[in-house]
>>> print(open('run15.cif').read())   # mmCIF, C-alpha atoms
data_structure
loop_
_atom_site.label_atom_id
_atom_site.label_comp_id
_atom_site.auth_asym_id
_atom_site.auth_seq_id
_atom_site.Cartn_x
_atom_site.Cartn_y
_atom_site.Cartn_z
CA PHE A 1 -68.22 -229.20 -87.76
CA GLY A 2 -71.72 -230.33 -88.61
CA ASP A 3 -72.36 -233.87 -89.73
CA GLY A 4 -69.12 -234.17 -91.65
CA THR A 5 -70.57 -233.40 -95.07
CA SER A 6 -70.09 -230.27 -97.12
CA ALA A 7 -73.85 -229.84 -97.25
CA GLY A 8 -74.18 -230.24 -93.49
CA GLY A 9 -72.09 -227.20 -92.66
CA LEU A 10 -72.48 -226.22 -89.02
CA ILE A 11 -75.75 -228.06 -88.67
CA ASN A 12 -75.84 -231.73 -87.79
CA SER A 13 -78.28 -234.40 -88.90
CA ASP A 14 -80.57 -233.63 -85.97
CA ASN A 15 -80.95 -230.06 -87.26
CA LEU A 16 -79.46 -228.47 -84.15
CA LEU A 17 -76.30 -226.43 -84.28
CA LEU A 18 -73.27 -228.16 -82.89
CA GLY A 19 -70.96 -227.01 -80.12
CA GLY A 20 -69.35 -228.62 -77.11
CA LEU A 21 -70.39 -228.17 -73.50
CA GLY A 22 -68.64 -225.57 -71.39
CA THR A 23 -67.13 -226.18 -67.99
CA ASN A 24 -70.39 -225.29 -66.24
CA GLY A 25 -72.56 -227.47 -68.45
CA GLY A 26 -73.42 -224.69 -70.87
CA GLY A 27 -73.19 -224.57 -74.61
CA ILE A 28 -75.46 -226.29 -77.07
CA GLY A 29 -74.33 -229.62 -78.44
CA ALA A 30 -76.14 -231.67 -81.03
CA GLN A 31 -79.09 -231.67 -78.66
CA LEU A 32 -80.00 -230.38 -75.24
CA THR A 33 -78.87 -232.59 -72.38
CA ALA A 34 -80.08 -232.67 -68.80
CA GLU A 35 -76.89 -230.84 -67.87
CA SER A 36 -77.17 -228.08 -70.46
CA LEU A 37 -80.91 -227.63 -69.80
CA ALA A 38 -80.21 -227.42 -66.06
CA ALA A 39 -77.63 -224.70 -66.70
CA ILE A 40 -80.10 -222.80 -68.88
CA MET A 41 -82.98 -223.10 -66.38
CA ASN A 42 -80.82 -222.61 -63.28
CA SER A 43 -81.91 -225.99 -62.03
CA THR A 44 -80.49 -229.49 -61.58
CA PRO A 45 -80.06 -232.28 -64.15
CA ALA A 46 -82.36 -234.52 -62.12
CA ARG A 47 -85.20 -231.99 -62.29
CA MET A 48 -84.69 -231.43 -66.01
CA ALA A 49 -84.39 -235.09 -67.03
CA ASP A 50 -88.06 -235.55 -67.96
CA TRP A 51 -87.96 -232.49 -70.23
CA VAL A 52 -84.88 -233.22 -72.33
CA ASP A 53 -86.36 -235.63 -74.88
CA PRO A 54 -89.71 -233.81 -75.27
CA LEU A 55 -87.98 -230.47 -75.77
CA ASN A 56 -85.41 -231.83 -78.21
CA GLU A 57 -88.13 -233.42 -80.32
CA ALA A 58 -90.47 -230.42 -80.27
CA MET A 59 -87.71 -227.90 -80.96
CA LYS A 60 -86.41 -229.96 -83.86
CA THR A 61 -89.91 -230.39 -85.32
CA PHE A 62 -90.73 -226.68 -85.13
CA GLU A 63 -87.28 -225.49 -86.24
CA ILE A 64 -86.15 -223.91 -82.99
CA ASN A 65 -82.69 -225.00 -84.02
CA THR A 66 -80.11 -222.22 -83.77
CA PRO A 67 -78.56 -220.69 -80.65
CA LYS A 68 -80.49 -217.44 -81.10
CA ARG A 69 -83.81 -219.21 -81.59
CA ILE A 70 -83.15 -221.55 -78.67
CA ALA A 71 -82.17 -218.69 -76.36
CA ALA A 72 -85.27 -216.63 -77.21
CA PHE A 73 -87.64 -219.58 -76.93
CA LEU A 74 -86.23 -220.92 -73.67
CA ALA A 75 -86.07 -217.45 -72.10
CA ASN A 76 -89.79 -217.05 -72.65
CA VAL A 77 -90.40 -220.61 -71.46
CA SER A 78 -88.32 -220.00 -68.34
CA LYS A 79 -90.32 -216.92 -67.35
CA GLU A 80 -93.70 -218.49 -68.08
CA THR A 81 -92.91 -221.68 -66.13
CA ARG A 82 -90.51 -220.37 -63.47
CA GLY A 83 -87.71 -222.47 -64.86
CA LEU A 84 -89.79 -225.48 -65.92
CA GLN A 85 -91.50 -225.79 -62.55
CA VAL A 86 -95.03 -224.34 -62.94
CA PHE A 87 -97.15 -225.24 -65.95
CA SER A 88 -100.51 -223.59 -65.37
CA GLU A 89 -101.53 -220.04 -64.63
CA ASN A 90 -102.24 -219.17 -61.00
CA THR A 91 -105.62 -217.44 -61.06
CA ASN A 92 -106.02 -217.11 -57.30
CA TRP A 93 -105.74 -213.36 -57.73
CA ASN A 94 -105.94 -210.84 -54.92
CA LEU A 95 -108.35 -208.45 -56.57
CA ASN A 96 -107.48 -205.70 -54.10
CA ALA A 97 -103.71 -205.81 -54.60
CA VAL A 98 -102.19 -202.48 -55.63
CA ASP A 99 -98.76 -201.19 -56.59
CA ARG A 100 -97.01 -198.23 -54.98
CA HIS A 101 -98.97 -195.88 -57.23
CA GLY A 102 -102.30 -197.29 -56.11
CA ASN A 103 -102.99 -199.15 -59.36
CA TYR A 104 -104.71 -202.52 -59.13
CA THR A 105 -102.27 -205.22 -60.24
CA GLN A 106 -104.36 -208.39 -60.31
CA ARG A 107 -107.63 -207.32 -61.87
CA PHE A 108 -107.23 -209.11 -65.17
CA ARG A 109 -109.52 -209.18 -68.19
CA ARG A 110 -113.16 -208.62 -67.14
CA PHE A 111 -112.10 -207.73 -63.60
CA SER A 112 -110.43 -204.61 -64.96
CA THR A 113 -113.86 -203.07 -65.60
CA ALA A 114 -115.91 -204.85 -62.91
CA ASN A 115 -117.85 -202.83 -60.38
CA ALA A 116 -117.11 -202.81 -56.66
CA GLU A 117 -119.90 -205.26 -55.89
CA THR A 118 -118.49 -207.83 -58.34
CA ILE A 119 -114.96 -207.38 -57.01
CA ALA A 120 -116.15 -207.91 -53.44
CA ALA A 121 -118.11 -211.00 -54.41
CA TYR A 122 -115.24 -212.65 -56.28
CA GLN A 123 -112.43 -211.69 -53.89
CA THR A 124 -113.19 -214.75 -51.74
CA GLU A 125 -114.11 -217.07 -54.62
CA SER A 126 -111.90 -219.97 -55.74
CA ALA A 127 -109.16 -219.56 -58.31
CA ASP A 128 -111.24 -221.48 -60.85
CA ASN A 129 -114.28 -219.25 -60.32
CA LYS A 130 -112.14 -216.15 -60.72
CA ALA A 131 -110.75 -217.52 -63.99
CA ASP A 132 -114.22 -218.40 -65.23
CA TYR A 133 -115.39 -214.82 -64.70
CA ALA A 134 -112.25 -213.12 -66.01
CA TYR A 135 -111.83 -215.21 -69.13
CA LEU A 136 -115.43 -215.43 -70.37
CA SER A 137 -115.01 -214.20 -73.94
CA LEU A 138 -117.10 -215.06 -76.98
CA ALA A 139 -114.45 -213.66 -79.32
CA ASN A 140 -111.84 -216.06 -77.97
CA GLY A 141 -114.10 -219.10 -77.85
CA ASN A 142 -114.72 -219.14 -74.09
CA THR A 143 -118.50 -219.39 -74.29
CA GLU A 144 -119.32 -221.79 -71.46
CA ALA A 145 -119.42 -220.74 -67.82
CA ASP A 146 -116.50 -223.02 -66.90
CA ASP A 147 -114.27 -222.37 -69.95
CA GLY A 148 -112.13 -219.82 -68.14
CA HIS A 149 -110.36 -222.21 -65.79
CA LYS A 150 -110.16 -224.94 -68.42
CA TYR A 151 -108.47 -222.80 -71.04
CA LYS A 152 -106.40 -220.54 -68.82
CA GLY A 153 -102.67 -220.34 -69.44
CA ARG A 154 -101.16 -223.82 -69.59
CA GLY A 155 -97.94 -225.41 -70.81
CA LEU A 156 -94.58 -223.92 -71.70
CA LEU A 157 -95.91 -220.64 -73.09
CA HIS A 158 -99.23 -220.60 -71.21
CA LEU A 159 -101.55 -221.39 -74.11
CA THR A 160 -104.76 -219.46 -73.37
CA TRP A 161 -108.31 -219.33 -74.78
CA LYS A 162 -110.42 -222.16 -76.14
CA ASN A 163 -109.91 -221.00 -79.72
CA ASN A 164 -106.16 -221.42 -79.31
CA TYR A 165 -106.62 -224.92 -77.89
CA ARG A 166 -108.63 -225.70 -81.03
CA LEU A 167 -105.96 -224.24 -83.29
CA ALA A 168 -103.21 -226.12 -81.46
CA THR A 169 -105.17 -229.34 -81.87
CA VAL A 170 -105.41 -228.82 -85.61
CA GLY A 171 -101.77 -227.75 -85.90
CA LEU A 172 -100.38 -230.68 -83.92
CA ASN A 173 -102.56 -233.20 -85.74
CA LEU A 174 -101.21 -231.96 -89.07
CA VAL A 175 -97.72 -232.78 -87.82
CA TYR A 176 -98.26 -235.87 -85.67
CA GLY A 177 -101.26 -237.48 -87.37
CA ALA A 178 -105.02 -236.99 -87.53
CA GLU A 179 -106.82 -237.38 -84.21
CA THR A 180 -103.59 -237.67 -82.24
CA TYR A 181 -104.65 -234.75 -80.06
CA ASP A 182 -107.87 -233.23 -78.78
CA LEU A 183 -106.68 -230.43 -76.52
CA VAL A 184 -110.16 -228.99 -76.11
CA THR A 185 -111.22 -232.18 -74.34
CA ASN A 186 -107.84 -233.04 -72.83
CA PHE A 187 -106.82 -229.52 -71.83
CA GLU A 188 -105.13 -230.70 -68.64
CA SER A 189 -102.57 -232.66 -70.68
CA VAL A 190 -101.02 -229.32 -71.69
CA THR A 191 -100.20 -228.89 -68.00
CA THR A 192 -99.37 -232.44 -66.93
CA ASN A 193 -97.71 -234.13 -69.93
CA PRO A 194 -94.17 -232.94 -70.84
CA VAL A 195 -94.54 -234.14 -74.43
CA VAL A 196 -97.83 -232.30 -74.94
CA ALA A 197 -96.56 -229.21 -73.13
CA SER A 198 -93.39 -229.11 -75.24
CA ARG A 199 -95.20 -229.66 -78.52
CA THR A 200 -97.91 -227.08 -77.84
CA GLY A 201 -95.32 -224.54 -76.74
CA ALA A 202 -93.14 -225.09 -79.80
CA TRP A 203 -96.20 -225.11 -82.07
CA PHE A 204 -97.36 -221.76 -80.66
CA TRP A 205 -93.88 -220.31 -81.13
CA HIS A 206 -93.81 -221.44 -84.76
CA SER A 207 -97.45 -221.14 -85.82
CA GLY A 208 -99.77 -219.81 -83.13
CA SER A 209 -98.59 -216.31 -82.28
CA SER A 210 -100.35 -213.26 -83.65
CA ARG A 211 -96.84 -212.08 -84.64
CA GLY A 212 -96.36 -215.06 -86.94
CA ASN A 213 -93.45 -217.49 -86.81
CA LEU A 214 -91.29 -216.18 -83.97
CA ASN A 215 -88.25 -217.95 -85.45
CA ASN A 216 -88.42 -215.44 -88.29
CA ILE A 217 -88.44 -212.56 -85.82
CA VAL A 218 -85.35 -213.92 -84.08
CA ASP A 219 -83.59 -214.22 -87.45
CA ARG A 220 -84.15 -210.61 -88.55
CA SER A 221 -80.90 -209.00 -89.64
CA ASP A 222 -82.16 -205.41 -89.69
CA SER A 223 -82.64 -205.28 -85.90
CA THR A 224 -80.49 -206.08 -82.89
CA ASP A 225 -80.76 -209.43 -81.15
CA GLN A 226 -82.28 -207.70 -78.14
CA GLU A 227 -84.90 -205.93 -80.24
CA ASN A 228 -85.76 -209.23 -81.89
CA PHE A 229 -86.06 -210.96 -78.53
CA GLU A 230 -88.28 -208.24 -77.10
CA LEU A 231 -90.60 -208.66 -80.07
CA THR A 232 -90.86 -212.39 -79.32
CA VAL A 233 -91.99 -211.43 -75.83
CA LEU A 234 -94.83 -209.44 -77.38
CA GLY A 235 -95.55 -212.45 -79.55
CA THR A 236 -95.80 -214.84 -76.62
CA ARG A 237 -97.70 -212.77 -74.05
CA GLY A 238 -99.22 -209.86 -75.96
CA GLY A 239 -97.34 -207.21 -73.99
CA GLY A 240 -93.89 -206.28 -72.84
CA ASP A 241 -92.11 -207.80 -69.86
CA PRO A 242 -88.77 -206.25 -68.86
CA GLY A 243 -88.18 -209.15 -66.47
CA ARG A 244 -87.48 -211.48 -69.39
CA LEU A 245 -84.47 -209.58 -70.64
CA PRO A 246 -82.11 -210.63 -67.81
CA ILE A 247 -83.24 -214.23 -68.28
CA TRP A 248 -82.48 -214.05 -72.00
CA ARG A 249 -79.05 -212.56 -71.31
CA SER A 250 -78.30 -215.27 -68.75
CA ILE A 251 -79.34 -218.03 -71.14
CA ASN A 252 -77.18 -216.53 -73.86
CA ARG A 253 -74.20 -216.63 -71.52
CA VAL A 254 -74.85 -220.32 -70.91
CA ILE A 255 -75.39 -221.18 -74.57
CA TYR A 256 -72.35 -219.22 -75.70
CA GLN A 257 -70.05 -220.65 -73.04
CA GLU A 258 -66.52 -221.56 -73.98
CA ASN A 259 -66.33 -224.43 -76.47
CA ALA A 260 -69.87 -223.67 -77.63
CA LEU A 261 -70.82 -222.89 -81.21
CA GLY A 262 -71.47 -219.24 -80.36
CA ASN A 263 -67.81 -218.59 -79.70
CA MET A 264 -66.79 -220.54 -82.78
CA SER A 265 -69.22 -218.50 -84.87
CA GLU A 266 -67.52 -215.33 -83.67
CA VAL A 267 -64.14 -216.74 -84.71
CA LEU A 268 -65.49 -217.63 -88.15
CA LYS A 269 -67.05 -214.17 -88.48
CA ALA A 270 -63.69 -212.54 -87.69
CA MET A 271 -62.14 -214.70 -90.39
CA GLY A 272 -64.73 -213.50 -92.88
CA ILE A 273 -66.40 -216.90 -93.13
#
>>> encode(input="run15.cif", output="structure tokens")
Amino acid sequence: FGDGTSAGGLINSDNLLLGGLGTNGGGIGAQLTAESLAAIMNSTPARMADWVDPLNEAMKTFEINTPKRIAAFLANVSKETRGLQVFSENTNWNLNAVDRHGNYTQRFRRFSTANAETIAAYQTESADNKADYAYLSLANGNTEADDGHKYKGRGLLHLTWKNNYRLATVGLNLVYGAETYDLVTNFESVTTNPVVASRTGAWFWHSGSSRGNLNNIVDRSDSTDQENFELTVLGTRGGGDPGRLPIWRSINRVIYQENALGNMSEVLKAMGI
């Protein structure tokens, strides 16, 4: 296993746990491939090709490097981006939409307390104008009238708020070199550039969440894997989301396919190793 050295153990020189690919393309090898990422995202290798290298680099850099960490991270990414297909928040909300109990379902942020006149006025406004109203927030750095649509959710984990774009800029520049990034100015790159999207997503997972380093949450030994995962959901979106649990379970099945490290780890555990 590993890189062939006693120090390497089950981890190879690229800092990702080793394991072969299963018959359906699952399992985590030394790095993600287009095939394994397609299996994880329920997509095709062709659609995933542009994301393989950016994700491998970002996940290595921010230590998303064990099957459990990878599964939790990519499950959240999958839900936020609809399987690596959509990379910015849709703010074209129907402000009059209700659930079966009559509760409004798309009145976010400032719309949750807006009066009827404001709701009526914004119902026919553009998605950008709705975002600008909803996300105006001095506490979160959105101080200009057009900050809402600029700093709405973007990238792999829907980085939101101008303050977080500032923090991500500082964090990425510490890793990749001073003045490499200016996400406040180039906010659209978080949506359009796979490298920037991957790095900002992995940075937020490691350093930007209010819950701290989400890798550490995944690694907790005093809670179940599911409990740990559900806490990472809180750490990525600020609230629960039961819809992510089936995605996480599905990704785990792919990662732990036959011939993958997950199955080998269970064998070693049974042997007391």
>>> closest_residue(input="run15.cif", among="A:Lys162, A:Arg107, A:Arg47, A:Arg237", to="Asn140 (chain A)", atoms="only C-alpha atoms")
A:Lys162
>>> resolve_selection(input="run15.cif", expression="the PyMOL selection byres ((chain A and resi 180-185) around 10)", output="list in words")
Asp147, Lys150, Tyr151, Trp161, Lys162, Asn163, Asn164, Tyr165, Arg166, Leu167, Ala168, Thr169, Val170, Gly171, Leu172, Asn173, Leu174, Val175, Tyr176, Gly177, Ala178, Glu179, Asn186, Phe187, Glu188, Ser189, Val190, Val196 and Thr200 of chain A
>>> atom_distance(input="run15.cif", atom1="CA of Asn94 (chain A)", atom2="CA of Leu159 (chain A)")
22.3 Å
>>> atom_distance(input="run15.cif", atom1="CA of Glu80 (chain A)", atom2="CA of Thr105 (chain A)")
17.6 Å
>>> atom_distance(input="run15.cif", atom1="CA of Tyr122 (chain A)", atom2="CA of Arg110 (chain A)")
11.8 Å
